[in-house]
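Visitor: So here's my_file_27.json (JSON, C-alpha atoms and all ligand atoms).
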```json
[["chain", "number", "residue", "atom", "x", "y", "z"],
["A", 11, "MET", "CA", -45.08, 23.95, 126.88],
["A", 12, "ASN", "CA", -42.21, 23.64, 124.42],
["A", 13, "ILE", "CA", -42.06, 25.42, 121.08],
["A", 14, "ALA", "CA", -43.34, 22.50, 119.03],
["A", 15, "ALA", "CA", -46.36, 22.09, 121.30],
["A", 16, "GLY", "CA", -47.03, 25.81, 121.05],
["A", 17, "VAL", "CA", -47.08, 25.68, 117.28],
["A", 18, "LEU", "CA", -49.32, 22.66, 117.31],
["A", 19, "PHE", "CA", -51.68, 24.34, 119.74],
["A", 20, "ARG", "CA", -51.87, 27.39, 117.54],
["A", 21, "TYR", "CA", -52.42, 25.24, 114.48],
["A", 22, "LYS", "CA", -55.29, 23.48, 116.23],
["A", 23, "ILE", "CA", -56.85, 26.82, 117.18],
["A", 24, "LEU", "CA", -56.60, 28.00, 113.58],
["A", 25, "LYS", "CA", -58.06, 24.74, 112.35],
["A", 26, "TYR", "CA", -60.87, 25.08, 114.84],
["A", 27, "ILE", "CA", -61.67, 28.57, 113.59],
["A", 28, "ASP", "CA", -61.42, 27.31, 110.03],
["A", 29, "ILE", "CA", -63.80, 24.41, 110.48],
["A", 30, "TYR", "CA", -66.42, 25.99, 112.69],
["A", 31, "ALA", "CA", -66.51, 29.51, 111.38],
["A", 32, "GLY", "CA", -65.75, 28.62, 107.79],
["A", 33, "LEU", "CA", -66.26, 31.44, 105.39],
["A", 34, "ALA", "CA", -67.78, 33.66, 108.05],
["A", 35, "ILE", "CA", -64.28, 34.81, 108.96],
["A", 36, "LEU", "CA", -63.50, 37.11, 106.11],
["A", 37, "ILE", "CA", -61.73, 39.82, 108.03],
["A", 38, "GLN", "CA", -58.09, 38.86, 108.09],
["A", 39, "GLY", "CA", -54.89, 40.53, 109.15],
["A", 40, "HIS", "CA", -51.92, 40.12, 106.84],
["A", 41, "ASN", "CA", -48.33, 41.15, 107.25],
["A", 42, "VAL", "CA", -46.88, 43.31, 104.50],
["A", 43, "THR", "CA", -43.78, 45.45, 104.13],
["A", 44, "CYS", "CA", -44.26, 49.19, 103.95],
["A", 45, "PRO", "CA", -42.90, 50.51, 100.61],
["A", 46, "HIS", "CA", -41.68, 53.68, 102.33],
["A", 47, "CYS", "CA", -40.00, 52.63, 105.58],
["A", 48, "TRP", "CA", -39.71, 48.85, 104.98],
["A", 49, "GLU", "CA", -41.22, 48.07, 108.34],
["A", 50, "SER", "CA", -43.35, 44.96, 108.60],
["A", 51, "ILE", "CA", -46.91, 46.06, 109.24],
["A", 52, "ASN", "CA", -50.26, 44.37, 109.51],
["A", 53, "VAL", "CA", -53.12, 45.29, 107.21],
["A", 54, "THR", "CA", -56.69, 44.18, 107.75],
["A", 55, "LEU", "CA", -58.43, 42.82, 104.68],
["A", 56, "ASP", "CA", -62.15, 42.34, 104.22],
["A", 57, "LEU", "CA", -62.25, 39.25, 102.04],
["A", 58, "SER", "CA", -66.00, 39.48, 101.53],
["A", 59, "VAL", "CA", -64.97, 41.90, 98.79],
["A", 60, "PRO", "CA", -63.21, 39.69, 96.23],
["A", 61, "GLN", "CA", -61.05, 42.43, 94.79],
["A", 62, "GLN", "CA", -60.17, 45.77, 96.25],
["A", 63, "SER", "CA", -57.65, 48.57, 96.07],
["A", 64, "TYR", "CA", -57.46, 51.38, 98.57],
["A", 65, "ILE", "CA", -55.11, 53.81, 100.21],
["A", 66, "GLU", "CA", -54.04, 53.23, 103.77],
["A", 67, "ASP", "CA", -51.51, 55.16, 105.84],
["A", 68, "CYS", "CA", -48.59, 53.20, 107.20],
["A", 69, "PRO", "CA", -48.94, 53.04, 111.02],
["A", 70, "VAL", "CA", -45.17, 53.43, 111.39],
["A", 71, "CYS", "CA", -44.20, 56.28, 109.03],
["A", 72, "CYS", "CA", -47.73, 57.60, 108.29],
["A", 73, "LYS", "CA", -47.10, 57.71, 104.54],
["A", 74, "PRO", "CA", -49.88, 56.57, 102.22],
["A", 75, "MET", "CA", -49.63, 53.24, 100.46],
["A", 76, "ILE", "CA", -51.91, 51.54, 97.99],
["A", 77, "VAL", "CA", -53.13, 48.19, 99.22],
["A", 78, "SER", "CA", -54.58, 45.97, 96.53],
["A", 79, "TYR", "CA", -55.66, 42.38, 96.79],
["A", 80, "SER", "CA", -57.77, 39.72, 95.22],
["A", 81, "ALA", "CA", -59.36, 36.90, 97.14],
["A", 82, "SER", "CA", -61.50, 33.83, 96.55],
["A", 83, "ASN", "CA", -63.22, 31.51, 99.02],
["A", 84, "GLY", "CA", -61.95, 33.50, 101.97],
["A", 85, "GLU", "CA", -58.31, 33.09, 100.89],
["A", 86, "VAL", "CA", -56.02, 35.81, 99.62],
["A", 87, "ASP", "CA", -54.80, 35.09, 96.08],
["A", 88, "GLU", "CA", -52.76, 38.22, 95.62],
["A", 89, "LEU", "CA", -51.74, 40.98, 97.98],
["A", 90, "GLN", "CA", -49.72, 43.96, 96.86],
["A", 91, "VAL", "CA", -48.60, 47.13, 98.57],
["A", 92, "GLU", "CA", -47.23, 50.05, 96.58],
["A", 93, "ALA", "CA", -46.07, 53.52, 97.43],
["A", 94, "SER", "CA", -48.63, 56.23, 96.80],
["A", 95, "ASP", "CA", -47.63, 59.77, 95.93],
["B", 101, "ZN", "ZN", -44.04, 53.00, 106.62]]
```
Produce structure tokens that represent the structure in this file.

Guide:
Amino acid sequence: MNIAAGVLFRYKILKYIDIYAGLAILIQGHNVTCPHCWESINVTLDLSVPQQSYIEDCPVCCKPMIVSYSASNGEVDELQVEASD
């Protein structure tokens, strides 16, 4: 399988999930940059809550960060990560 086919395959899988699960899939992982160590990390968002702000520890440097997001129709509109003191 070449790279293009791999991307297409993945796209089809995502489309499949999209079409058949629809709005049921509201738990999504999103990549953000840690405001402390600048590592790229993955945060899990529960999009059944349209707007939320909470403190989560960075899995790399263990420092707290404020994750805030707003979502509509199972899609993230805004996602922000700030340093928390
Ligand atoms: Zn960090």

Visitor: For ligand ZN 101 (chain B), return the neighbouring residues as JSON, numbers by chain (distance at most 12 Å; all atoms listed in the file).

Guide: {"A": [42, 43, 44, 45, 46, 47, 48, 49, 50, 51, 52, 53, 66, 67, 68, 69, 70, 71, 72, 73, 74, 75, 76, 91, 92, 93, 94]}

Visitor: Provide the atom CA of Ser78 of chain A to atom CA of Tyr64 of chain A distance in Å, to one decimal place.

Guide: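 Going from atom CA of Ser78 of chain A over to atom CA of Tyr64 of chain A covers 6.5 Å.
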
Visitor: Quick one: pull the distance between atom CA of Ser63 of chain A and atom CA of Ile37 of chain A, Å, one decimal.

Guide: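 Between these atoms lies a distance of 15.4 Å.
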
Visitor: Give me, please, the distance in Å between atom CA of Ala81 of chain A and atom CA of Asp56 of chain A, quoted to one decimal.

Guide: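 These two atoms are separated by 9.4 Å.
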
Visitor: Which is closer to Gly39 of chain A than all the others in A:Leu55, A:Val77, A:Val86, A:Val17, using only C-alpha atoms?

Guide: A:Leu55

Visitor: Between A:Glu85, A:Ser80, A:Gln61, A:Thr54, which one has atoms that come closest to Asn41 of chain A, using all atoms listed in the file?

Guide: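 Closest residue, counting all atoms listed in the file: A:Thr54.
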